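Undergrad: data_25.txt is reproduced below (compact mmCIF, C-alpha atoms).
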```
# COMPACT_ATOMS: atom_id res chain seq x y z
CA MET A 1 0.00 0.00 0.00
CA ALA A 2 1.34 3.46 -0.97
CA LYS A 3 2.49 5.70 1.85
CA TYR A 4 1.35 8.92 0.14
CA ASP A 5 -1.60 9.86 -2.02
CA TYR A 6 0.48 12.26 -4.12
CA LEU A 7 4.17 12.58 -4.82
CA ILE A 8 4.64 16.13 -6.10
CA VAL A 9 7.81 16.85 -8.04
CA GLY A 10 8.65 20.55 -7.73
CA ALA A 11 8.01 23.03 -4.90
CA GLY A 12 7.25 25.95 -7.18
CA LEU A 13 3.90 27.69 -7.35
CA CYS A 14 2.12 24.88 -9.21
CA GLY A 15 3.30 22.08 -6.94
CA ALA A 16 2.77 24.12 -3.77
CA VAL A 17 -0.82 25.06 -4.66
CA PHE A 18 -1.69 21.46 -5.54
CA ALA A 19 -0.09 20.11 -2.35
CA HIS A 20 -1.84 22.68 -0.19
CA GLU A 21 -5.29 22.05 -1.60
CA MET A 22 -4.98 18.27 -1.51
CA THR A 23 -3.66 18.35 2.07
CA LYS A 24 -6.70 20.44 3.03
CA ARG A 25 -8.86 17.65 1.64
CA GLY A 26 -7.19 15.03 3.78
CA LYS A 27 -4.74 13.69 1.22
CA LYS A 28 -1.17 12.90 2.20
CA CYS A 29 1.40 14.65 0.02
CA LEU A 30 5.17 14.47 -0.32
CA VAL A 31 6.87 17.31 -2.18
CA LEU A 32 10.32 16.86 -3.74
CA GLU A 33 12.38 19.86 -4.78
CA LYS A 34 15.64 19.76 -6.74
CA ARG A 35 16.85 23.11 -5.40
CA GLN A 36 17.95 23.74 -1.83
CA ALA A 37 14.94 25.97 -1.14
CA PRO A 38 11.25 25.88 -2.13
CA GLY A 39 9.50 28.50 -4.25
CA GLY A 40 10.70 27.83 -7.77
CA ASN A 41 11.25 30.98 -9.80
CA ILE A 42 9.16 33.22 -7.54
CA ARG A 43 11.58 32.79 -4.64
CA CYS A 44 12.92 35.99 -3.10
CA GLU A 45 15.84 36.75 -0.80
CA GLU A 46 15.76 39.55 1.76
CA ARG A 47 18.76 41.85 1.71
CA GLU A 48 18.74 44.83 4.08
CA GLY A 49 14.96 44.91 4.08
CA ILE A 50 14.70 44.66 0.28
CA HIS A 51 13.14 41.55 -1.25
CA VAL A 52 15.29 40.61 -4.23
CA HIS A 53 13.51 38.59 -6.92
CA LEU A 54 16.15 35.91 -7.54
CA TYR A 55 14.82 34.68 -10.88
CA GLY A 56 13.53 37.83 -12.52
CA ALA A 57 10.74 40.25 -11.77
CA HIS A 58 7.42 38.72 -10.75
CA ILE A 59 4.36 40.97 -10.60
CA PHE A 60 1.09 39.29 -9.73
CA HIS A 61 -1.82 40.31 -11.93
CA THR A 62 -5.11 38.62 -12.77
CA ASN A 63 -8.71 39.09 -13.81
CA ASN A 64 -9.68 35.88 -12.03
CA GLN A 65 -11.36 36.78 -8.74
CA GLU A 66 -11.08 33.21 -7.42
CA VAL A 67 -7.31 33.22 -7.97
CA TRP A 68 -6.95 36.68 -6.40
CA GLN A 69 -8.86 35.65 -3.30
CA PHE A 70 -6.85 32.44 -3.08
CA VAL A 71 -3.41 34.09 -3.00
CA GLN A 72 -4.57 36.72 -0.52
CA GLN A 73 -4.95 33.98 2.08
CA PHE A 74 -1.20 33.85 2.41
CA ALA A 75 -0.03 37.45 2.07
CA GLU A 76 -1.35 40.97 1.97
CA PHE A 77 -0.72 42.61 -1.41
CA ASN A 78 0.31 46.20 -1.94
CA GLN A 79 -1.01 48.45 -4.71
CA TYR A 80 2.02 48.24 -6.98
CA VAL A 81 1.17 48.95 -10.62
CA ASN A 82 3.63 47.83 -13.27
CA SER A 83 4.67 50.88 -15.31
CA PRO A 84 7.99 50.00 -16.96
CA ILE A 85 10.19 52.38 -18.90
CA ALA A 86 11.94 51.59 -22.18
CA ASN A 87 15.42 53.08 -22.59
CA PHE A 88 16.62 53.41 -26.19
CA ARG A 89 20.08 54.97 -26.21
CA GLY A 90 19.07 57.38 -23.47
CA GLU A 91 15.64 58.17 -24.89
CA LEU A 92 12.97 57.15 -22.37
CA TYR A 93 9.54 55.84 -23.37
CA ASN A 94 6.58 54.62 -21.33
CA LEU A 95 5.32 51.08 -21.75
CA PRO A 96 2.96 49.68 -22.85
CA PHE A 97 2.68 51.72 -26.05
CA ASN A 98 0.34 54.56 -25.17
CA MET A 99 -0.12 58.29 -25.66
CA ASN A 100 2.86 59.06 -23.41
CA THR A 101 5.01 56.85 -25.68
CA PHE A 102 3.72 58.50 -28.85
CA ARG A 103 4.13 62.01 -27.44
CA ALA A 104 7.78 61.31 -26.58
CA MET A 105 8.45 59.68 -29.94
CA TRP A 106 6.63 62.01 -32.33
CA GLY A 107 5.71 65.12 -30.34
CA ILE A 108 2.00 64.56 -30.94
CA ARG A 109 -0.80 65.18 -28.47
CA THR A 110 -4.05 63.60 -29.61
CA PRO A 111 -5.20 60.00 -30.13
CA ALA A 112 -6.22 60.91 -33.70
CA GLU A 113 -2.67 62.06 -34.51
CA ALA A 114 -1.18 58.89 -33.02
CA SER A 115 -3.62 56.62 -34.82
CA ALA A 116 -2.92 58.32 -38.14
CA LYS A 117 0.86 58.07 -37.67
CA ILE A 118 0.72 54.34 -36.88
CA ALA A 119 -1.76 53.65 -39.70
CA GLU A 120 0.55 55.40 -42.17
CA GLN A 121 3.58 53.34 -41.11
CA ARG A 122 1.71 50.03 -41.04
CA THR A 123 1.06 50.22 -44.78
CA GLU A 124 4.72 49.40 -45.41
CA ILE A 125 3.86 45.70 -45.08
CA LYS A 126 1.84 44.29 -47.94
CA GLY A 127 0.09 40.96 -47.60
CA GLU A 128 0.55 38.39 -44.84
CA PRO A 129 3.58 39.05 -42.57
CA GLN A 130 6.27 36.43 -43.17
CA ASN A 131 8.35 36.94 -40.03
CA LEU A 132 8.37 38.73 -36.69
CA GLU A 133 9.76 41.95 -38.14
CA GLU A 134 6.98 42.23 -40.71
CA GLN A 135 4.39 41.25 -38.13
CA ALA A 136 5.52 43.95 -35.68
CA ILE A 137 5.64 46.67 -38.35
CA SER A 138 2.19 45.66 -39.58
CA LEU A 139 0.89 46.19 -36.03
CA VAL A 140 2.67 49.33 -34.79
CA GLY A 141 4.78 50.75 -37.63
CA ARG A 142 8.52 51.05 -38.20
CA ASP A 143 9.43 53.77 -35.65
CA ILE A 144 8.14 51.82 -32.66
CA TYR A 145 9.50 48.58 -34.08
CA GLU A 146 13.05 49.88 -34.55
CA LYS A 147 13.31 51.70 -31.22
CA LEU A 148 11.29 49.58 -28.83
CA ILE A 149 10.90 46.07 -30.27
CA GLN A 150 13.72 45.02 -32.58
CA GLY A 151 16.80 45.13 -30.34
CA TYR A 152 15.01 43.84 -27.25
CA THR A 153 13.44 40.91 -29.11
CA GLU A 154 16.67 39.92 -30.87
CA LYS A 155 18.50 39.89 -27.56
CA GLN A 156 15.74 37.90 -25.90
CA TRP A 157 15.64 35.17 -28.55
CA GLY A 158 19.23 35.30 -29.80
CA ARG A 159 18.03 35.54 -33.40
CA LYS A 160 17.27 38.29 -35.90
CA CYS A 161 13.62 39.34 -36.06
CA LYS A 162 13.62 38.43 -39.74
CA ASP A 163 14.49 34.87 -38.71
CA LEU A 164 11.78 34.57 -36.05
CA PRO A 165 8.25 33.38 -36.89
CA ALA A 166 5.50 35.97 -37.08
CA PHE A 167 3.29 34.14 -34.57
CA ILE A 168 5.59 35.05 -31.64
CA ILE A 169 3.97 38.52 -31.76
CA ARG A 170 0.32 37.87 -32.49
CA ARG A 171 -0.67 41.23 -31.09
CA LEU A 172 0.92 44.25 -29.43
CA PRO A 173 -0.96 46.36 -26.89
CA VAL A 174 -1.53 49.88 -28.24
CA ARG A 175 -3.50 52.32 -26.10
CA TYR A 176 -4.67 55.68 -27.26
CA THR A 177 -4.86 56.94 -23.68
CA TYR A 178 -2.29 58.39 -21.27
CA ASP A 179 -2.25 55.19 -19.19
CA ASN A 180 1.07 53.59 -18.18
CA ASN A 181 -0.48 50.59 -16.40
CA TYR A 182 1.19 47.69 -18.23
CA PHE A 183 -1.31 45.01 -17.26
CA ASN A 184 -4.92 45.29 -18.26
CA ALA A 185 -5.87 43.35 -15.15
CA ARG A 186 -8.51 43.97 -12.52
CA TYR A 187 -6.23 42.88 -9.68
CA GLN A 188 -2.48 43.38 -9.36
CA GLY A 189 0.20 43.95 -6.77
CA ILE A 190 3.21 42.55 -4.92
CA PRO A 191 2.92 40.48 -1.72
CA ILE A 192 4.09 42.61 1.18
CA GLY A 193 7.11 40.80 2.59
CA GLY A 194 7.87 38.95 -0.63
CA TYR A 195 6.67 35.84 -2.43
CA ASN A 196 8.28 33.50 0.09
CA LYS A 197 5.36 34.23 2.42
CA ILE A 198 3.00 32.68 -0.12
CA ILE A 199 5.13 29.57 -0.63
CA GLU A 200 5.63 29.12 3.11
CA GLY A 201 1.90 29.42 3.68
CA LEU A 202 1.09 26.95 0.93
CA LEU A 203 3.55 24.33 2.18
CA LYS A 204 2.94 24.74 5.91
CA GLY A 205 2.61 21.34 7.55
CA ILE A 206 3.50 19.45 4.34
CA GLU A 207 6.52 17.17 4.06
CA VAL A 208 9.06 18.73 1.68
CA ARG A 209 12.38 17.15 0.79
CA LEU A 210 14.95 19.53 -0.70
CA GLY A 211 17.91 18.79 -2.92
CA VAL A 212 16.21 15.78 -4.51
CA ASP A 213 16.55 15.21 -8.25
CA TYR A 214 13.51 13.02 -8.85
CA ASN A 215 14.54 11.95 -12.33
CA ALA A 216 17.85 10.68 -10.99
CA ALA A 217 16.21 8.88 -8.07
CA LYS A 218 12.97 7.51 -9.54
CA GLY A 219 13.68 4.00 -8.30
CA GLU A 220 13.90 5.23 -4.73
CA TYR A 221 10.43 6.79 -4.94
CA ALA A 222 8.69 4.21 -7.12
CA GLY A 223 5.46 2.99 -5.55
CA LEU A 224 5.69 5.50 -2.71
CA ALA A 225 2.53 7.33 -3.81
CA ASP A 226 -0.65 6.52 -5.69
CA LYS A 227 -0.05 9.35 -8.16
CA VAL A 228 2.84 11.53 -9.27
CA VAL A 229 2.32 15.24 -10.01
CA TYR A 230 5.26 16.25 -12.16
CA THR A 231 6.19 19.90 -12.77
CA GLY A 232 9.70 19.45 -14.18
CA ALA A 233 10.91 19.32 -17.77
CA LEU A 234 9.02 16.60 -19.62
CA ASP A 235 11.92 15.49 -21.80
CA ALA A 236 14.00 14.96 -18.64
CA TYR A 237 11.25 12.76 -17.18
CA PHE A 238 11.64 10.44 -20.16
CA ASP A 239 15.46 10.68 -20.07
CA TYR A 240 15.50 12.62 -23.35
CA LYS A 241 14.71 9.44 -25.29
CA LEU A 242 13.15 11.40 -28.18
CA GLY A 243 15.60 14.31 -28.05
CA ARG A 244 15.91 17.54 -26.05
CA LEU A 245 13.42 20.36 -26.01
CA GLU A 246 14.94 23.83 -26.45
CA TYR A 247 14.70 26.81 -24.12
CA ARG A 248 16.12 30.29 -23.77
CA GLY A 249 18.24 30.93 -20.72
CA LEU A 250 18.85 33.94 -18.50
CA ARG A 251 21.82 35.12 -16.48
CA PHE A 252 21.33 37.52 -13.58
CA GLU A 253 23.86 40.00 -12.20
CA THR A 254 22.77 41.58 -8.92
CA GLU A 255 24.58 44.58 -7.44
CA ARG A 256 24.32 46.46 -4.16
CA LEU A 257 24.57 50.21 -4.68
CA GLU A 258 25.27 52.79 -2.02
CA GLN A 259 22.45 55.05 -3.09
CA GLU A 260 18.81 55.33 -2.23
CA ASN A 261 17.36 55.37 -5.74
CA TYR A 262 19.15 54.18 -8.89
CA GLN A 263 16.66 54.42 -11.77
CA GLY A 264 13.38 55.60 -10.23
CA VAL A 265 11.36 52.65 -11.51
CA ALA A 266 11.24 48.93 -10.75
CA VAL A 267 11.59 47.77 -14.36
CA MET A 268 13.58 49.50 -17.10
CA ASN A 269 13.92 47.76 -20.48
CA PHE A 270 17.00 48.46 -22.58
CA THR A 271 15.90 48.11 -26.18
CA ALA A 272 19.10 48.99 -28.09
CA ALA A 273 20.87 45.96 -29.55
CA GLU A 274 24.33 47.01 -28.34
CA ILE A 275 23.32 46.88 -24.65
CA PRO A 276 23.88 43.21 -23.70
CA TYR A 277 21.15 43.02 -21.05
CA THR A 278 17.43 43.33 -21.70
CA ARG A 279 16.42 45.07 -18.49
CA ILE A 280 17.43 46.29 -15.06
CA ILE A 281 15.24 45.52 -12.07
CA GLU A 282 15.47 47.80 -9.03
CA HIS A 283 13.80 45.59 -6.45
CA LYS A 284 13.01 48.08 -3.70
CA HIS A 285 10.46 49.88 -5.90
CA PHE A 286 8.18 46.82 -5.91
CA GLU A 287 7.43 47.55 -2.27
CA PHE A 288 8.02 51.32 -2.26
CA GLY A 289 11.20 50.91 -0.22
CA THR A 290 12.99 53.84 1.41
CA GLN A 291 16.19 52.05 2.46
CA PRO A 292 19.43 54.06 2.15
CA VAL A 293 20.86 51.43 -0.25
CA THR A 294 19.45 49.68 -3.28
CA TYR A 295 19.83 46.39 -5.16
CA ILE A 296 19.61 46.14 -8.93
CA THR A 297 19.64 43.09 -11.19
CA LYS A 298 20.65 43.07 -14.84
CA GLU A 299 19.08 40.32 -16.96
CA TYR A 300 21.18 38.84 -19.75
CA PRO A 301 19.44 36.45 -22.16
CA GLN A 302 21.62 33.56 -23.23
CA GLU A 303 21.60 30.33 -25.17
CA TRP A 304 20.35 27.59 -22.91
CA GLN A 305 22.55 24.59 -22.22
CA PRO A 306 21.48 21.30 -20.60
CA GLY A 307 21.92 21.51 -16.86
CA GLN A 308 21.10 25.22 -16.74
CA GLU A 309 17.80 26.65 -15.55
CA ALA A 310 15.29 26.67 -18.41
CA TYR A 311 13.22 29.86 -18.65
CA TYR A 312 11.41 30.32 -21.97
CA PRO A 313 10.26 27.48 -24.22
CA VAL A 314 11.30 27.94 -27.85
CA ASN A 315 7.89 27.93 -29.46
CA ASP A 316 8.80 26.90 -32.96
CA GLN A 317 7.18 24.06 -34.85
CA ILE A 318 10.06 21.61 -34.33
CA ASN A 319 9.89 21.93 -30.55
CA GLN A 320 6.10 21.89 -30.45
CA ASP A 321 6.08 18.67 -32.46
CA LEU A 322 8.68 17.11 -30.16
CA TYR A 323 6.73 18.16 -27.07
CA ALA A 324 3.56 16.60 -28.52
CA LYS A 325 5.39 13.27 -28.76
CA TYR A 326 6.50 13.48 -25.15
CA ALA A 327 2.97 14.45 -24.08
CA GLU A 328 1.69 11.34 -25.84
CA LEU A 329 4.10 9.19 -23.84
CA ALA A 330 2.97 10.91 -20.63
CA SER A 331 -0.71 10.27 -21.44
CA ARG A 332 -0.03 6.53 -21.33
CA GLU A 333 0.95 6.71 -17.66
CA GLU A 334 -2.39 6.73 -15.89
CA ASN A 335 -0.97 7.75 -12.52
CA LEU A 336 0.99 10.74 -13.86
CA LEU A 337 -0.31 14.33 -13.76
CA LEU A 338 1.55 17.18 -15.45
CA GLY A 339 1.55 20.81 -14.34
CA GLY A 340 3.54 24.03 -14.61
CA ARG A 341 5.51 25.73 -17.36
CA LEU A 342 8.22 23.09 -17.76
CA ALA A 343 6.02 20.00 -17.84
CA LEU A 344 3.55 21.72 -20.17
CA TYR A 345 6.31 23.45 -22.19
CA LYS A 346 4.50 26.76 -22.13
CA TYR A 347 5.17 30.13 -20.55
CA PHE A 348 2.51 30.99 -17.95
CA ASP A 349 1.84 34.06 -15.84
CA MET A 350 1.57 33.30 -12.13
CA ASP A 351 -2.20 33.62 -11.98
CA LYS A 352 -2.58 31.04 -14.74
CA VAL A 353 -0.32 28.64 -12.84
CA VAL A 354 -2.54 28.99 -9.77
CA GLU A 355 -5.70 28.64 -11.86
CA LEU A 356 -4.50 25.47 -13.59
CA ALA A 357 -3.37 23.92 -10.30
CA LEU A 358 -6.77 24.60 -8.71
CA GLU A 359 -8.49 23.11 -11.76
CA ALA A 360 -6.31 20.00 -11.48
CA VAL A 361 -7.37 19.62 -7.85
CA LYS A 362 -11.05 19.89 -8.81
CA ARG A 363 -10.63 17.24 -11.50
CA GLU A 364 -8.94 14.89 -9.05
CA ILE A 365 -11.54 15.37 -6.36
CA GLY A 366 -14.36 15.10 -8.87
CA GLY A 367 -12.82 11.92 -10.23
```
If you took the structure in this file and wrote it as structure tokens, what would it be?
TA:
Amino acid sequence: MAKYDYLIVGAGLCGAVFAHEMTKRGKKCLVLEKRQAPGGNIRCEEREGIHVHLYGAHIFHTNNQEVWQFVQQFAEFNQYVNSPIANFRGELYNLPFNMNTFRAMWGIRTPAEASAKIAEQRTEIKGEPQNLEEQAISLVGRDIYEKLIQGYTEKQWGRKCKDLPAFIIRRLPVRYTYDNNYFNARYQGIPIGGYNKIIEGLLKGIEVRLGVDYNAAKGEYAGLADKVVYTGALDAYFDYKLGRLEYRGLRFETERLEQENYQGVAVMNFTAAEIPYTRIIEHKHFEFGTQPVTYITKEYPQEWQPGQEAYYPVNDQINQDLYAKYAELASREENLLLGGRLALYKYFDMDKVVELALEAVKREIGG
């Protein structure tokens, strides 16, 4: 007889939500985590009262009231609104693209002027866009593309925009209002005290084993639970028998600066191609910090290598086809459940991760 109802591989947001909800329903869960600390990519580290986002900026936003109420059980959220700045060779532009952006770029004042300018530039592309560059120009015109999209995107993906498929940018948010709120979401904010409070609340009272590479120790855990909830990379689960899925990687450089305020905003994107990093995060601004020092993190996209942390799935047809084959193998294992961005090979915002985990719980209970 199995000792646990669920063996959950990964103590990130997906695994923690599932474990918490199943434990509430009287199920016995064991959580395994490869890293030496739980939390996955939302984990923070406190430095001099500033919560540093260790794996890139995470800003919670959602239109799902159920999800919003769920996360508020574990932490109080502040009223942080994401209003990033784009820096193109010293020229500063508000994001998302809105009237403040257009005023800085073209010196115009009215929505009609902005709409006419973009409409004029969009006509450069005739017919169906054949690549990301053509797709972006067909949506927002050449000026915005060259200053705010091209360099950033090429750094992010490590490829020229002309060599990237058009479907990567299906749409671009364009607002003809003076509104710098990046997310068109009903609820948004940052947990006061950092995201660790949420993870700690979710996993309270649940057995968690750290530093365990499940794929390297499957034999040790075989038969220990009725079902396995797997949130790791799916190709790794099957020992890469069909080949490796591709990802984009990130490298973070965090600095402590002896000044109170470095850039005046939490997120600044650097869109010129010659700047090697894509953005600088100044962490204290997520929680309106007034500390006499500050911490900043530069994010450098890089080619992903096996063994490194995988961040963004490469959503081209070759990788999608390979993932479909792995998903077919997984579907044959009746006691295996998949969840999270790695196992599903798809980038998710945090609210979607929570939503999908709650839906998985409902399916299990209903079943």
Undergrad: Residues near Ile169 in chain A, anyone? I mean within 8 Å using all atoms listed in the file, not counting same-chain ones fewer than 5 positions away, as a PyMOL selection string.
TA: chain A and resi 132+135-136
Undergrad: From (24.3, 46.4, -6.3), in the file's coordinates, out to 9 Å: which residues are reached, counting all atoms listed in the file? Answer as an mmCIF file with C-alpha atoms, in the coordinates of the input.
TA:
```cif
data_model
loop_
_atom_site.group_PDB
_atom_site.id
_atom_site.type_symbol
_atom_site.label_atom_id
_atom_site.label_comp_id
_atom_site.auth_asym_id
_atom_site.auth_seq_id
_atom_site.Cartn_x
_atom_site.Cartn_y
_atom_site.Cartn_z
ATOM 1 C CA GLU A 253 23.860 40.000 -12.200
ATOM 2 C CA THR A 254 22.770 41.580 -8.920
ATOM 3 C CA GLU A 255 24.580 44.580 -7.440
ATOM 4 C CA ARG A 256 24.320 46.460 -4.160
ATOM 5 C CA LEU A 257 24.570 50.210 -4.680
ATOM 6 C CA GLU A 258 25.270 52.790 -2.020
ATOM 7 C CA VAL A 293 20.860 51.430 -0.250
ATOM 8 C CA THR A 294 19.450 49.680 -3.280
ATOM 9 C CA TYR A 295 19.830 46.390 -5.160
ATOM 10 C CA ILE A 296 19.610 46.140 -8.930
ATOM 11 C CA THR A 297 19.640 43.090 -11.190
#
```
Undergrad: Find, counting all atoms listed in the file, the residue in A:Leu322, A:Val9, A:Ala225, A:Leu242 that gets nearest to Lys34 in chain A.
TA: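 Smallest separation from Lys34 in chain A among the options: A:Val9.
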Undergrad: Identify, on the basis of only C-alpha atoms, every residue whose closest approach to range 341-356 of chain A does not exceed 9 Å; exclude the query and any residue fewer than 4 positions from it along the same chain; express the result as an NGL selection string.
TA: :A and (13-14 or 17-18 or 42 or 58-64 or 66-68 or 70-71 or 230-235 or 237 or 245 or 310-315 or 320 or 323 or 327 or 360-361)
Undergrad: Choose the residue, out of A:Gly249, A:Gly107, A:Gly366, A:Gly223, that has the smallest atom-to-atom separation from Ala2 in chain A; count only C-alpha atoms.
TA: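 Counting only C-alpha atoms, the residue closest to Ala2 in chain A is A:Gly223.
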Undergrad: Excluding His53 in chain A and any residue of its chain fewer than 4 positions from it, enumerate the residues within 7 Å of it, using all atoms listed in the file, and give them as JSON, numbers by chain.
TA: {"A": [42, 43, 44, 45, 57]}
Undergrad: Of the residues A:Ala217, A:Leu202, A:Ile280, A:Glu48, which is the one nearest to Pro292 in chain A, using all atoms listed in the file?
TA: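 So, comparing all the options, the nearest one is A:Glu48.
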Undergrad: Within 12 Å of Ser83 in chain A, counting only C-alpha atoms, which residues qualify if same-chain residues fewer than 2 places away don't, as a ChimeraX atom specification?
TA: /A:59,80-81,85-86,93-98,100-101,178-184,188-189,264-269,285-286
Undergrad: In Å, with one decimal, what is the gap from CA of Glu46 in chain A to CA of Ala75 in chain A?
TA: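 Going from CA of Glu46 in chain A over to CA of Ala75 in chain A covers 15.9 Å.
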Undergrad: For a test of reading the model, state the distance in Å between CA of Lys227 in chain A and CA of Gly39 in chain A, rounded to one decimal.
TA: 21.8 Å
Undergrad: Could you check the closest approach to Ile144 in chain A for each of A:Thr110, A:Ala236, A:Tyr300, A:Thr271 and tell me which residue wins, using all atoms listed in the file?
TA: A:Thr271
Undergrad: CA of Lys284 in chain A and CA of Phe270 in chain A are how many Å apart?
TA: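 So the answer is 19.3 Å.
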Undergrad: I'd like to know which of A:Leu210, A:Ile108, A:Ile318, A:Ala11 is closest to Arg244 in chain A, using all atoms listed in the file.
TA: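 Using all atoms listed in the file, Arg244 in chain A sits closest to A:Ile318.
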Undergrad: For Glu76 in chain A, which residue out of A:Tyr152, A:Tyr55, A:Tyr195, A:Trp157 is the nearest one, using only C-alpha atoms?
TA: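 When distances to Glu76 in chain A are compared using only C-alpha atoms, the smallest one comes from A:Tyr195.
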Undergrad: Please list as a PDB file with C-alpha atoms, in the frame of the given file every residue within 12 Å of Lys126 in chain A, counting only C-alpha atoms and excluding residues in the same chain fewer than 3 positions away.
TA:
```pdb
ATOM      1  CA  GLN A 121       3.580  53.340 -41.110  1.00  0.00           C
ATOM      2  CA  ARG A 122       1.710  50.030 -41.040  1.00  0.00           C
ATOM      3  CA  THR A 123       1.060  50.220 -44.780  1.00  0.00           C
ATOM      4  CA  PRO A 129       3.580  39.050 -42.570  1.00  0.00           C
ATOM      5  CA  GLN A 130       6.270  36.430 -43.170  1.00  0.00           C
ATOM      6  CA  GLU A 134       6.980  42.230 -40.710  1.00  0.00           C
ATOM      7  CA  GLN A 135       4.390  41.250 -38.130  1.00  0.00           C
ATOM      8  CA  ILE A 137       5.640  46.670 -38.350  1.00  0.00           C
ATOM      9  CA  SER A 138       2.190  45.660 -39.580  1.00  0.00           C
TER      10      SER A 138
END
```
Undergrad: Within 9 Å of (2.5, 11.0, -20.0), in the coordinates the file gives, what residues turn up when you count all atoms listed in the file, written out as a PyMOL selection string?
TA: chain A and resi 234+326-338
Undergrad: Rebuild N, CA, C and O atoms on range 189-201 of chain A, as a PDB file, in the coordinates of the input?
TA:
```
ATOM      1  N   GLY A 189      -0.567  43.481  -7.908  1.00  0.00           N
ATOM      2  CA  GLY A 189       0.200  43.950  -6.770  1.00  0.00           C
ATOM      3  C   GLY A 189       1.341  43.008  -6.456  1.00  0.00           C
ATOM      4  O   GLY A 189       1.564  42.011  -7.139  1.00  0.00           O
ATOM      5  N   ILE A 190       2.075  43.337  -5.404  1.00  0.00           N
ATOM      6  CA  ILE A 190       3.210  42.550  -4.920  1.00  0.00           C
ATOM      7  C   ILE A 190       2.908  42.142  -3.482  1.00  0.00           C
ATOM      8  O   ILE A 190       2.451  42.970  -2.690  1.00  0.00           O
ATOM      9  N   PRO A 191       3.148  40.870  -3.117  1.00  0.00           N
ATOM     10  CA  PRO A 191       2.920  40.480  -1.720  1.00  0.00           C
ATOM     11  C   PRO A 191       3.857  41.225  -0.783  1.00  0.00           C
ATOM     12  O   PRO A 191       5.077  41.223  -0.991  1.00  0.00           O
ATOM     13  N   ILE A 192       3.288  41.870   0.211  1.00  0.00           N
ATOM     14  CA  ILE A 192       4.090  42.610   1.180  1.00  0.00           C
ATOM     15  C   ILE A 192       4.917  41.599   1.987  1.00  0.00           C
ATOM     16  O   ILE A 192       4.371  40.688   2.599  1.00  0.00           O
ATOM     17  N   GLY A 193       6.229  41.765   1.931  1.00  0.00           N
ATOM     18  CA  GLY A 193       7.110  40.800   2.590  1.00  0.00           C
ATOM     19  C   GLY A 193       7.656  39.751   1.648  1.00  0.00           C
ATOM     20  O   GLY A 193       8.401  38.862   2.073  1.00  0.00           O
ATOM     21  N   GLY A 194       7.291  39.841   0.362  1.00  0.00           N
ATOM     22  CA  GLY A 194       7.870  38.950  -0.630  1.00  0.00           C
ATOM     23  C   GLY A 194       7.067  37.691  -0.898  1.00  0.00           C
ATOM     24  O   GLY A 194       6.185  37.314  -0.131  1.00  0.00           O
ATOM     25  N   TYR A 195       7.401  37.037  -1.998  1.00  0.00           N
ATOM     26  CA  TYR A 195       6.670  35.840  -2.430  1.00  0.00           C
ATOM     27  C   TYR A 195       6.930  34.629  -1.549  1.00  0.00           C
ATOM     28  O   TYR A 195       6.142  33.678  -1.551  1.00  0.00           O
ATOM     29  N   ASN A 196       8.012  34.641  -0.787  1.00  0.00           N
ATOM     30  CA  ASN A 196       8.280  33.500   0.090  1.00  0.00           C
ATOM     31  C   ASN A 196       7.151  33.286   1.086  1.00  0.00           C
ATOM     32  O   ASN A 196       6.890  32.151   1.501  1.00  0.00           O
ATOM     33  N   LYS A 197       6.472  34.358   1.483  1.00  0.00           N
ATOM     34  CA  LYS A 197       5.360  34.230   2.420  1.00  0.00           C
ATOM     35  C   LYS A 197       4.261  33.353   1.831  1.00  0.00           C
ATOM     36  O   LYS A 197       3.629  32.561   2.536  1.00  0.00           O
ATOM     37  N   ILE A 198       4.038  33.491   0.523  1.00  0.00           N
ATOM     38  CA  ILE A 198       3.000  32.680  -0.120  1.00  0.00           C
ATOM     39  C   ILE A 198       3.417  31.217  -0.152  1.00  0.00           C
ATOM     40  O   ILE A 198       2.630  30.321   0.192  1.00  0.00           O
ATOM     41  N   ILE A 199       4.654  30.950  -0.568  1.00  0.00           N
ATOM     42  CA  ILE A 199       5.130  29.570  -0.630  1.00  0.00           C
ATOM     43  C   ILE A 199       5.134  28.927   0.754  1.00  0.00           C
ATOM     44  O   ILE A 199       4.702  27.778   0.923  1.00  0.00           O
ATOM     45  N   GLU A 200       5.606  29.670   1.745  1.00  0.00           N
ATOM     46  CA  GLU A 200       5.630  29.120   3.110  1.00  0.00           C
ATOM     47  C   GLU A 200       4.224  28.816   3.600  1.00  0.00           C
ATOM     48  O   GLU A 200       3.999  27.784   4.258  1.00  0.00           O
ATOM     49  N   GLY A 201       3.278  29.668   3.283  1.00  0.00           N
ATOM     50  CA  GLY A 201       1.900  29.420   3.680  1.00  0.00           C
ATOM     51  C   GLY A 201       1.305  28.213   2.974  1.00  0.00           C
ATOM     52  O   GLY A 201       0.589  27.405   3.581  1.00  0.00           O
TER      53      GLY A 201
END
```
